[in-house]
>>> print(open('run.csv').read())   # CSV, C-alpha atoms
chain,number,residue,atom,x,y,z
A,1,MET,CA,0.0,0.0,0.0
A,2,ASN,CA,1.5,3.3,-1.1
A,3,ALA,CA,1.7,6.1,1.6
A,4,PRO,CA,-0.5,9.1,1.1
A,5,ILE,CA,1.3,12.0,-0.6
A,6,LEU,CA,0.5,15.7,-0.1
A,7,ILE,CA,1.8,18.1,-2.7
A,8,TRP,CA,2.1,21.6,-1.2
A,9,GLY,CA,1.7,23.9,-4.1
A,10,ALA,CA,-0.1,22.8,-7.3
A,11,GLY,CA,1.7,25.0,-9.8
A,12,ALA,CA,3.9,24.0,-12.8
A,13,ILE,CA,6.0,21.5,-10.9
A,14,GLY,CA,3.6,20.3,-8.2
A,15,GLY,CA,0.6,20.2,-10.6
A,16,THR,CA,2.5,18.1,-13.2
A,17,LEU,CA,3.6,15.6,-10.6
A,18,GLY,CA,0.1,15.5,-9.1
A,19,ALA,CA,-1.6,14.8,-12.4
A,20,TYR,CA,0.8,11.9,-13.3
A,21,TRP,CA,0.7,10.4,-9.8
A,22,ALA,CA,-3.1,10.6,-9.7
A,23,ARG,CA,-3.4,9.0,-13.1
A,24,ALA,CA,-1.2,6.2,-11.9
A,25,GLY,CA,-3.5,5.5,-8.9
A,26,LEU,CA,-1.2,6.9,-6.2
A,27,PRO,CA,-3.0,8.4,-3.2
A,28,VAL,CA,-2.1,12.0,-3.9
A,29,THR,CA,-3.7,15.2,-2.7
A,30,MET,CA,-2.7,18.8,-3.6
A,31,VAL,CA,-3.1,21.9,-1.5
A,32,ASP,CA,-2.9,25.4,-3.1
A,33,ILE,CA,-3.8,29.0,-2.3
A,34,ALA,CA,-5.6,29.7,-5.6
A,35,GLU,CA,-9.2,28.7,-5.1
A,36,ASP,CA,-10.1,28.7,-8.8
A,37,HIS,CA,-7.2,26.4,-9.6
A,38,VAL,CA,-8.1,24.0,-6.7
A,39,LYS,CA,-11.7,23.8,-7.9
A,40,ALA,CA,-10.7,23.1,-11.4
A,41,CYS,CA,-8.3,20.3,-10.5
A,42,ARG,CA,-10.7,18.5,-8.3
A,43,SER,CA,-13.8,18.9,-10.4
A,44,GLY,CA,-13.2,19.1,-14.2
A,45,GLY,CA,-9.6,17.9,-13.8
A,46,LEU,CA,-6.1,19.3,-14.3
A,47,SER,CA,-5.2,19.6,-18.0
A,48,ILE,CA,-1.7,18.7,-19.0
A,49,THR,CA,-0.9,20.0,-22.5
A,50,GLY,CA,2.2,20.1,-24.7
A,51,PRO,CA,4.4,18.0,-26.9
A,52,VAL,CA,5.2,15.4,-24.3
A,53,GLU,CA,1.7,14.2,-23.5
A,54,THR,CA,-1.8,15.6,-23.4
A,55,PHE,CA,-4.4,14.4,-20.9
A,56,ARG,CA,-6.8,15.6,-18.2
A,57,GLN,CA,-6.8,14.2,-14.7
A,58,VAL,CA,-9.0,14.9,-11.7
A,59,VAL,CA,-6.7,15.3,-8.7
A,60,PRO,CA,-8.0,15.6,-5.1
A,61,SER,CA,-7.2,19.2,-4.2
A,62,LEU,CA,-7.8,21.4,-1.2
A,63,MET,CA,-7.5,24.9,0.1
A,64,LEU,CA,-5.4,25.1,3.3
A,65,PRO,CA,-8.5,25.6,5.6
A,66,GLU,CA,-9.8,22.3,4.3
A,67,LEU,CA,-6.7,20.3,5.2
A,68,SER,CA,-6.5,18.0,8.1
A,69,GLY,CA,-4.6,15.0,9.5
A,70,GLN,CA,-0.9,14.2,9.3
A,71,TRP,CA,0.9,13.1,6.1
A,72,PRO,CA,3.9,10.7,5.8
A,73,VAL,CA,5.1,12.4,2.6
A,74,ILE,CA,4.8,16.1,1.8
A,75,VAL,CA,6.2,17.3,-1.5
A,76,LEU,CA,7.0,21.0,-1.3
A,77,ALA,CA,6.6,22.7,-4.7
A,78,VAL,CA,6.2,26.4,-3.9
A,79,LYS,CA,8.4,29.3,-5.1
A,80,ALA,CA,11.8,29.4,-3.3
A,81,GLN,CA,10.9,32.7,-1.6
A,82,ALA,CA,7.8,31.1,0.0
A,83,THR,CA,9.7,28.2,1.4
A,84,GLU,CA,10.2,29.3,5.0
A,85,ALA,CA,6.6,30.4,5.4
A,86,ALA,CA,5.3,27.3,3.7
A,87,VAL,CA,7.3,24.9,6.0
A,88,GLN,CA,6.0,26.6,9.1
A,89,GLN,CA,2.4,26.1,7.7
A,90,LEU,CA,2.9,22.4,6.8
A,91,LYS,CA,4.8,21.4,10.0
A,92,PRO,CA,1.6,20.5,11.9
A,93,TYR,CA,0.5,18.2,9.0
A,94,LEU,CA,3.8,16.3,8.8
A,95,ALA,CA,3.7,12.9,10.5
A,96,PRO,CA,6.4,12.4,13.2
A,97,ASP,CA,8.2,9.8,11.0
A,98,GLY,CA,7.4,11.6,7.7
A,99,TYR,CA,9.5,13.7,5.5
A,100,VAL,CA,9.4,16.8,3.2
A,101,LEU,CA,10.7,16.5,-0.4
A,102,SER,CA,11.8,19.8,-1.9
A,103,ALA,CA,10.7,19.8,-5.6
A,104,GLN,CA,11.9,23.3,-6.1
A,105,ASN,CA,14.8,25.4,-7.5
A,106,GLY,CA,17.6,26.5,-5.2
A,107,LEU,CA,19.0,25.2,-2.0
A,108,ASN,CA,15.7,25.1,-0.1
A,109,GLU,CA,16.7,21.9,1.6
A,110,ILE,CA,18.8,24.0,4.0
A,111,ALA,CA,15.7,26.0,5.2
A,112,ILE,CA,13.5,22.9,5.3
A,113,ALA,CA,16.0,20.9,7.4
A,114,ARG,CA,16.4,23.8,9.7
A,115,ALA,CA,12.6,23.8,10.3
A,116,VAL,CA,11.8,20.1,10.4
A,117,GLY,CA,15.2,18.4,10.9
A,118,ASP,CA,17.7,16.7,8.6
A,119,ASN,CA,16.1,13.3,8.9
A,120,ARG,CA,12.8,14.6,7.8
A,121,THR,CA,14.1,16.3,4.7
A,122,MET,CA,14.8,14.8,1.2
A,123,GLY,CA,16.4,16.5,-1.7
A,124,CYS,CA,15.1,16.6,-5.3
A,125,PHE,CA,16.4,18.1,-8.5
A,126,VAL,CA,14.0,18.9,-11.4
A,127,ASN,CA,14.8,20.4,-14.7
A,128,PHE,CA,11.7,19.6,-16.8
A,129,GLY,CA,10.0,22.4,-18.5
A,130,ALA,CA,6.5,23.3,-17.4
A,131,ASP,CA,4.4,26.5,-17.1
A,132,TRP,CA,1.2,27.2,-15.1
A,133,LEU,CA,-1.1,28.7,-17.8
A,134,GLY,CA,-4.3,29.2,-15.7
A,135,PRO,CA,-6.8,27.5,-13.4
A,136,GLY,CA,-6.6,23.7,-14.1
A,137,GLU,CA,-4.1,24.1,-17.0
A,138,ILE,CA,-0.4,23.4,-17.1
A,139,LEU,CA,2.0,23.2,-20.2
A,140,PHE,CA,4.4,20.3,-20.0
A,141,GLY,CA,7.0,21.6,-22.4
A,142,ASN,CA,9.8,18.9,-22.3
A,143,ARG,CA,11.2,16.0,-20.4
A,144,ALA,CA,14.5,16.7,-18.6
A,145,ALA,CA,16.6,15.5,-15.7
A,146,VAL,CA,14.8,14.5,-12.4
A,147,VAL,CA,16.9,13.4,-9.5
A,148,VAL,CA,16.2,12.4,-5.9
A,149,GLY,CA,18.5,11.8,-2.9
A,150,GLU,CA,18.9,12.1,0.8
A,151,ILE,CA,20.7,15.2,2.0
A,152,ASP,CA,23.1,13.1,4.1
A,153,GLY,CA,24.1,11.0,1.0
A,154,SER,CA,22.5,7.8,2.2
A,155,ILE,CA,20.2,5.6,0.2
A,156,ARG,CA,17.2,4.4,2.2
A,157,ASP,CA,14.0,2.4,1.5
A,158,ARG,CA,12.1,5.7,1.4
A,159,THR,CA,14.5,7.2,-1.1
A,160,ARG,CA,14.1,4.1,-3.3
A,161,GLN,CA,10.3,4.4,-3.0
A,162,MET,CA,10.3,8.1,-4.0
A,163,HIS,CA,12.6,7.3,-6.9
A,164,GLN,CA,10.0,4.7,-8.0
A,165,TRP,CA,7.2,7.3,-7.8
A,166,LEU,CA,9.2,9.9,-9.8
A,167,GLY,CA,9.8,7.2,-12.4
A,168,ILE,CA,6.1,7.2,-13.1
A,169,PHE,CA,6.5,10.8,-14.3
A,170,GLU,CA,10.1,10.6,-15.7
A,171,PRO,CA,11.2,7.0,-16.6
A,172,GLN,CA,14.9,8.1,-16.5
A,173,ALA,CA,14.7,9.6,-13.0
A,174,VAL,CA,18.0,9.2,-11.1
A,175,LEU,CA,18.6,8.0,-7.6
A,176,THR,CA,21.7,9.7,-6.2
A,177,SER,CA,24.0,9.8,-3.2
A,178,ASN,CA,25.1,13.3,-4.3
A,179,ILE,CA,22.0,15.4,-4.4
A,180,TRP,CA,23.9,18.5,-3.4
A,181,GLY,CA,26.1,18.1,-6.5
A,182,TYR,CA,23.0,18.2,-8.7
A,183,LEU,CA,21.5,21.1,-6.8
A,184,TRP,CA,24.7,23.2,-7.2
A,185,GLY,CA,24.8,22.3,-10.9
A,186,LYS,CA,21.3,23.6,-11.3
A,187,LEU,CA,22.3,26.8,-9.5
A,188,ALA,CA,24.8,27.5,-12.2
A,189,TYR,CA,22.3,26.8,-14.9
A,190,GLY,CA,19.7,28.7,-13.0
A,191,ALA,CA,21.9,31.8,-12.8
A,192,MET,CA,22.1,31.7,-16.6
A,193,LEU,CA,18.4,31.4,-16.9
A,194,PHE,CA,17.9,34.5,-14.7
A,195,ALA,CA,20.2,36.3,-17.2
A,196,THR,CA,18.0,35.2,-20.1
A,197,ALA,CA,15.1,36.9,-18.4
A,198,LEU,CA,16.7,40.4,-18.7
A,199,THR,CA,15.3,40.5,-22.3
A,200,THR,CA,12.2,39.1,-24.0
A,201,ASP,CA,14.3,36.8,-26.1
A,202,SER,CA,13.9,33.0,-25.9
A,203,MET,CA,16.4,30.9,-23.9
A,204,THR,CA,17.9,29.5,-27.2
A,205,ALA,CA,18.3,33.0,-28.7
A,206,ASN,CA,20.1,34.1,-25.5
A,207,PHE,CA,22.5,31.1,-25.4
A,208,GLU,CA,23.4,31.2,-29.1
A,209,ASP,CA,24.1,35.0,-29.1
A,210,PRO,CA,27.9,35.4,-29.1
A,211,ARG,CA,27.6,38.9,-27.5
A,212,ARG,CA,26.2,37.2,-24.3
A,213,PHE,CA,28.7,34.5,-23.9
A,214,ALA,CA,30.8,36.4,-21.4
A,215,VAL,CA,27.8,36.7,-19.1
A,216,PHE,CA,26.9,33.0,-19.1
A,217,ASP,CA,30.5,32.0,-18.7
A,218,ALA,CA,31.1,34.4,-15.8
A,219,LEU,CA,27.9,33.4,-13.9
A,220,ALA,CA,28.7,29.7,-14.2
A,221,ARG,CA,32.3,30.1,-13.2
A,222,GLU,CA,31.3,32.1,-10.1
A,223,VAL,CA,28.9,29.4,-9.0
A,224,MET,CA,31.5,26.7,-9.5
A,225,ALA,CA,34.1,28.7,-7.5
A,226,VAL,CA,31.7,29.0,-4.5
A,227,ALA,CA,30.7,25.3,-4.8
A,228,LYS,CA,34.4,24.3,-4.8
A,229,ALA,CA,35.0,26.5,-1.7
A,230,ARG,CA,32.2,24.6,0.0
A,231,GLY,CA,33.6,21.2,-0.9
A,232,VAL,CA,30.8,20.4,-3.3
A,233,LYS,CA,31.3,18.6,-6.6
A,234,PRO,CA,28.6,19.7,-9.0
A,235,VAL,CA,27.0,17.3,-11.5
A,236,GLY,CA,26.1,18.0,-15.1
A,237,PHE,CA,22.8,17.4,-16.9
A,238,ASN,CA,21.0,18.2,-20.2
A,239,GLY,CA,23.9,19.8,-21.9
A,240,PHE,CA,25.3,21.6,-18.8
A,241,ASP,CA,28.9,20.4,-18.0
A,242,PRO,CA,30.1,21.9,-14.7
A,243,GLU,CA,33.7,20.8,-15.2
A,244,VAL,CA,34.2,23.2,-18.1
A,245,PHE,CA,33.4,26.2,-15.8
A,246,GLU,CA,35.8,25.2,-13.1
A,247,PRO,CA,38.4,27.9,-12.2
A,248,GLY,CA,41.1,28.0,-14.8
A,249,ALA,CA,39.2,25.7,-17.3
A,250,PRO,CA,39.8,26.8,-20.9
A,251,GLU,CA,37.1,28.8,-22.7
A,252,ALA,CA,36.5,26.3,-25.5
A,253,GLY,CA,34.8,23.9,-23.1
A,254,SER,CA,32.4,26.5,-21.7
A,255,ARG,CA,31.5,27.7,-25.3
A,256,ALA,CA,30.7,24.1,-26.2
A,257,SER,CA,28.5,23.6,-23.1
A,258,ILE,CA,26.6,26.9,-23.7
A,259,ALA,CA,26.0,25.8,-27.4
A,260,ALA,CA,24.7,22.5,-26.1
A,261,LEU,CA,22.2,24.4,-23.8
A,262,ALA,CA,21.0,26.4,-26.8
A,263,GLU,CA,20.4,23.1,-28.7
A,264,PHE,CA,18.7,21.5,-25.7
A,265,ASN,CA,16.3,24.4,-25.3
A,266,ARG,CA,15.6,24.6,-29.0
A,267,HIS,CA,13.5,21.4,-28.7
A,268,THR,CA,11.1,22.4,-26.0
A,269,ALA,CA,7.6,24.0,-26.1
A,270,LYS,CA,8.7,26.1,-23.1
A,271,THR,CA,10.7,28.7,-25.0
A,272,HIS,CA,11.2,31.1,-22.0
A,273,SER,CA,12.2,30.5,-18.4
A,274,GLY,CA,9.9,30.7,-15.4
A,275,ILE,CA,11.7,33.8,-14.4
A,276,TYR,CA,10.7,35.5,-17.7
A,277,ARG,CA,7.1,34.5,-17.0
A,278,ASP,CA,7.2,35.9,-13.5
A,279,LEU,CA,8.5,39.3,-14.9
A,280,ALA,CA,6.7,39.6,-18.2
A,281,ILE,CA,3.4,37.7,-17.8
A,282,ARG,CA,2.6,37.2,-14.1
A,283,ARG,CA,4.1,40.5,-13.0
A,284,ARG,CA,5.4,39.2,-9.7
A,285,LYS,CA,8.6,38.9,-7.7
A,286,THR,CA,11.1,36.2,-8.9
A,287,GLU,CA,13.2,33.8,-6.9
A,288,ALA,CA,16.3,35.9,-7.4
A,289,ASP,CA,17.2,36.3,-3.7
A,290,PRO,CA,16.8,32.7,-2.5
A,291,GLN,CA,17.9,31.1,-5.7
A,292,ILE,CA,21.0,33.1,-6.8
A,293,GLY,CA,21.3,35.8,-4.2
A,294,ILE,CA,22.3,33.1,-1.7
A,295,ILE,CA,25.3,32.2,-3.9
A,296,ALA,CA,26.7,35.7,-3.5
A,297,LYS,CA,26.1,35.4,0.3
A,298,LEU,CA,27.8,32.1,0.5
A,299,GLY,CA,30.6,33.4,-1.7
A,300,ALA,CA,31.2,36.3,0.6
A,301,GLU,CA,31.5,33.9,3.5
A,302,ALA,CA,34.1,31.9,1.6
A,303,GLY,CA,36.0,35.0,0.3
A,304,ILE,CA,34.9,34.4,-3.3
A,305,ALA,CA,34.0,37.5,-5.3
A,306,THR,CA,30.7,37.2,-7.3
A,307,PRO,CA,30.4,40.5,-9.3
A,308,ALA,CA,28.3,39.0,-12.1
A,309,ILE,CA,25.8,37.3,-9.8
A,310,THR,CA,25.5,40.4,-7.6
A,311,LYS,CA,24.8,42.7,-10.6
A,312,LEU,CA,22.3,40.2,-12.0
A,313,VAL,CA,20.3,40.2,-8.8
A,314,GLU,CA,20.3,44.0,-8.8
A,315,LEU,CA,19.1,44.1,-12.5
A,316,ILE,CA,16.3,41.6,-11.8
A,317,HIS,CA,15.1,43.7,-8.9
A,318,ASP,CA,15.2,46.8,-11.1
A,319,ILE,CA,12.9,45.1,-13.6
A,320,GLU,CA,10.6,43.8,-10.8
A,321,ASP,CA,10.3,47.4,-9.4
A,322,GLY,CA,9.9,49.1,-12.8
A,323,ARG,CA,13.2,50.9,-12.9
A,324,ARG,CA,14.4,49.0,-16.0
A,325,LEU,CA,12.8,47.3,-19.0
A,326,MET,CA,13.4,43.8,-20.2
A,327,ALA,CA,15.6,44.8,-23.1
A,328,PHE,CA,19.1,44.2,-24.5
A,329,GLU,CA,20.2,47.5,-23.0
A,330,THR,CA,19.7,46.0,-19.6
A,331,PHE,CA,21.6,42.8,-20.6
A,332,GLN,CA,24.4,45.1,-21.9
A,333,ILE,CA,24.9,46.3,-18.3
A,334,LEU,CA,25.7,42.8,-17.2
A,335,ILE,CA,27.9,42.2,-20.2
A,336,ASP,CA,29.9,45.3,-19.2
A,337,THR,CA,30.2,44.1,-15.7
A,338,CYS,CA,31.5,40.7,-16.8
A,339,THR,CA,33.9,42.0,-19.3
A,340,SER,CA,35.2,44.6,-16.9
A,341,ALA,CA,35.7,41.9,-14.2
A,342,SER,CA,37.5,39.6,-16.6
A,343,THR,CA,39.8,42.4,-17.7
A,344,THR,CA,40.7,43.4,-14.1
A,345,ALA,CA,41.0,39.8,-12.9
>>> encode(input="run.csv", output="structure tokens")
Amino acid sequence: MNAPILIWGAGAIGGTLGAYWARAGLPVTMVDIAEDHVKACRSGGLSITGPVETFRQVVPSLMLPELSGQWPVIVLAVKAQATEAAVQQLKPYLAPDGYVLSAQNGLNEIAIARAVGDNRTMGCFVNFGADWLGPGEILFGNRAAVVVGEIDGSIRDRTRQMHQWLGIFEPQAVLTSNIWGYLWGKLAYGAMLFATALTTDSMTANFEDPRRFAVFDALAREVMAVAKARGVKPVGFNGFDPEVFEPGAPEAGSRASIAALAEFNRHTAKTHSGIYRDLAIRRRKTEADPQIGIIAKLGAEAGIATPAITKLVELIHDIEDGRRLMAFETFQILIDTCTSASTTA
């Protein structure tokens, strides 16, 4: 008998997982703050559209005041900046021997473990493309890496069980003893995606533009330098090769990796990042501070300079607050920062 699963946040990531798991017969329930979305998912069904697969699935869904009981598995799928508040909300509903799986971007496992304990926290890395389009509708743009692992590096029965569940959604899901390596790899790629959101251009158009190479190269190298200082060995995925961005690695390797990212993103129906959608479509705050701002903070603690990341966070906030437009002129500021830093290094 499968344990009941509660998905906390039924957006692009949580909703996609919920639809697949419900269709497979797993005892899954979603909780979300958007009443129209909750009603659509539990009545007419959650519609998954896109090139990967199209189907509609009714998923048991609740508003928070309707939630009760304790759950052995809670999948946290909210935006990174909502993590700490969400964990405090979900704690009363987490069974004493249960755990929280972070299906998010960033290093949210740190905050989750601080709140519920290391033993009640499991790490997860997701890179598939999905967008929340409206109540009861999610675009599943492309398959990509999905990885699960314990934050202490162990492999347990519960980790194997979660790996099996994730395999329902992504047949090539990976069970790892190095989840932190994958998470730090995603941080470097994620920093690049934040840069692509400085304009309205697609991810592929950004990655294949030679004028922007210096930015993507600098961002990834800064993340790799901070990871190395913290004793983490990042892992590659979907065209991203962390080794070519190691301190002192030749430029030819990083150019090849960025070209591979352009090619990977060429074949997805999700043409723009979630950061772009936050800024241009949903007009809301991004995950800039908890997802990439934390790298600058950890870098400062380790004595590693991160001028590109620091300037990128500043520019994202400028767009959020209406001080700058999503335009190449804004991206040029970051190019100037990166080329200036490389000249003076």
>>> residues_near_point(input="run.csv", point="(15.8, 8.6, 3.1)", cutoff="7 Å", atoms="all atoms listed in the file", output="list in words")
Met122, Glu150, Ser154, Ile155, Arg156, Asp157, Arg158 and Thr159 of chain A
>>> residues_around(input="run.csv", residues="Trp21 (chain A)", least_positions_apart="2", cutoff="12 Å", atoms="only C-alpha atoms", output="ChimeraX atom specification")
/A:2,4-7,14-19,23-30,57-60,162,164-170
>>> closest_residue(input="run.csv", among="A:Gly9, A:Pro234, A:Gly129, A:Gly45", to="Lys79 (chain A)", atoms="only C-alpha atoms")
A:Gly9
>>> residues_around(input="run.csv", residues="region 185-196 of chain A", least_positions_apart="4", cutoff="6 Å", atoms="only C-alpha atoms", output="PyMOL selection string")
chain A and resi 203+206+216+220+223+234-235
>>> atom_distance(input="run.csv", atom1="CA of Val31 (chain A)", atom2="CA of Pro92 (chain A)")
14.3 Å
>>> closest_residue(input="run.csv", among="A:Val73, A:Leu62, A:Tyr99, A:Lys91", to="Asp36 (chain A)", atoms="all atoms listed in the file")
A:Leu62
>>> closest_residue(input="run.csv", among="A:Gln161, A:Arg255, A:Ala145, A:Leu175", to="Phe128 (chain A)", atoms="all atoms listed in the file")
A:Ala145
>>> atom_distance(input="run.csv", atom1="CA of Arg230 (chain A)", atom2="CA of Ile316 (chain A)")
26.1 Å
>>> residues_around(input="run.csv", residues="Val232 (chain A)", least_positions_apart="2", cutoff="8 Å", atoms="only C-alpha atoms", output="list of chain:residue names")
A:Trp180, A:Gly181, A:Trp184, A:Ala227, A:Lys228, A:Ala229, A:Arg230, A:Pro234
>>> atom_distance(input="run.csv", atom1="CA of Glu320 (chain A)", atom2="CA of Ile275 (chain A)")
10.7 Å
>>> closest_residue(input="run.csv", among="A:Leu183, A:Ala302, A:Ile151, A:Ile138", to="Glu53 (chain A)", atoms="only C-alpha atoms")
A:Ile138
>>> residues_around(input="run.csv", residues="His163 (chain A)", least_positions_apart="5", cutoff="8 Å", atoms="all atoms listed in the file", output="ChimeraX atom specification")
/A:147-148,173-175
>>> residues_around(input="run.csv", residues="Ala85 (chain A)", least_positions_apart="6", cutoff="12 Å", atoms="all atoms listed in the file", output="ChimeraX atom specification")
/A:8,76,78-79,91,108,111-112,115
>>> write_last_selection(input="run.csv", atoms="C-alpha atoms", output="compact mmCIF listing (two decimals), in the coordinates of the input")
# COMPACT_ATOMS: atom_id res chain seq x y z
CA TRP A 8 2.10 21.60 -1.20
CA LEU A 76 7.00 21.00 -1.30
CA VAL A 78 6.20 26.40 -3.90
CA LYS A 79 8.40 29.30 -5.10
CA LYS A 91 4.80 21.40 10.00
CA ASN A 108 15.70 25.10 -0.10
CA ALA A 111 15.70 26.00 5.20
CA ILE A 112 13.50 22.90 5.30
CA ALA A 115 12.60 23.80 10.30
>>> closest_residue(input="run.csv", among="A:Gly98, A:Gly141, A:Gly236, A:Gly293", to="Pro51 (chain A)", atoms="only C-alpha atoms")
A:Gly141
>>> closest_residue(input="run.csv", among="A:Asp209, A:Phe237, A:Glu301, A:Ala80", to="Thr286 (chain A)", atoms="all atoms listed in the file")
A:Ala80
>>> residues_near_point(input="run.csv", point="(12.8, 37.7, -26.6)", cutoff="12 Å", atoms="only C-alpha atoms", output="list in words")
Thr196, Ala197, Leu198, Thr199, Thr200, Asp201, Ser202, Met203, Thr204, Ala205, Asn206, Phe207, Asp209, Thr271, His272, Ser273, Tyr276, Arg277, Ala280, Met326, Ala327, Phe328 and Phe331 of chain A
>>> decode(input="run.csv", residues="region 291-298 of chain A", atoms="all heavy atoms", output="short mmCIF file (atom, residue, chain, number, x, y, z; two decimals), in the first residue's frame")
data_model
loop_
_atom_site.label_atom_id
_atom_site.label_comp_id
_atom_site.auth_asym_id
_atom_site.auth_seq_id
_atom_site.Cartn_x
_atom_site.Cartn_y
_atom_site.Cartn_z
N GLN A 291 17.34 32.01 -4.73
CA GLN A 291 17.93 31.06 -5.67
C GLN A 291 19.36 31.43 -6.08
O GLN A 291 20.24 30.57 -6.12
CB GLN A 291 17.06 30.91 -6.92
CG GLN A 291 17.49 29.74 -7.80
CD GLN A 291 16.56 29.50 -8.96
OE1 GLN A 291 15.39 29.87 -8.93
NE2 GLN A 291 17.07 28.89 -10.01
N ILE A 292 19.60 32.69 -6.41
CA ILE A 292 20.97 33.07 -6.80
C ILE A 292 21.59 34.09 -5.86
O ILE A 292 22.82 34.16 -5.76
CB ILE A 292 21.03 33.57 -8.27
CG1 ILE A 292 20.12 34.78 -8.48
CG2 ILE A 292 20.69 32.44 -9.22
CD1 ILE A 292 20.30 35.42 -9.85
N GLY A 293 20.77 34.87 -5.17
CA GLY A 293 21.34 35.80 -4.18
C GLY A 293 22.09 35.06 -3.10
O GLY A 293 23.11 35.53 -2.58
N ILE A 294 21.62 33.86 -2.78
CA ILE A 294 22.28 33.06 -1.75
C ILE A 294 23.70 32.68 -2.16
O ILE A 294 24.58 32.52 -1.31
CB ILE A 294 21.44 31.79 -1.43
CG1 ILE A 294 22.00 31.09 -0.19
CG2 ILE A 294 21.41 30.86 -2.62
CD1 ILE A 294 21.17 29.91 0.26
N ILE A 295 23.94 32.58 -3.47
CA ILE A 295 25.29 32.24 -3.92
C ILE A 295 26.26 33.37 -3.60
O ILE A 295 27.39 33.12 -3.15
CB ILE A 295 25.29 31.96 -5.44
CG1 ILE A 295 24.29 30.85 -5.79
CG2 ILE A 295 26.69 31.56 -5.91
CD1 ILE A 295 24.02 30.72 -7.26
N ALA A 296 25.82 34.60 -3.82
CA ALA A 296 26.67 35.74 -3.49
C ALA A 296 26.95 35.77 -1.99
O ALA A 296 28.07 36.06 -1.55
CB ALA A 296 26.00 37.03 -3.94
N LYS A 297 25.93 35.45 -1.19
CA LYS A 297 26.10 35.44 0.27
C LYS A 297 27.09 34.36 0.70
O LYS A 297 28.01 34.60 1.49
CB LYS A 297 24.76 35.21 0.94
CG LYS A 297 24.82 35.14 2.46
CD LYS A 297 23.44 34.89 3.07
CE LYS A 297 23.52 34.77 4.58
NZ LYS A 297 22.19 34.50 5.19
N LEU A 298 26.92 33.15 0.15
CA LEU A 298 27.84 32.06 0.49
C LEU A 298 29.24 32.34 -0.04
O LEU A 298 30.23 31.97 0.58
CB LEU A 298 27.31 30.74 -0.07
CG LEU A 298 25.98 30.24 0.53
CD1 LEU A 298 25.48 29.02 -0.21
CD2 LEU A 298 26.16 29.92 2.02
#
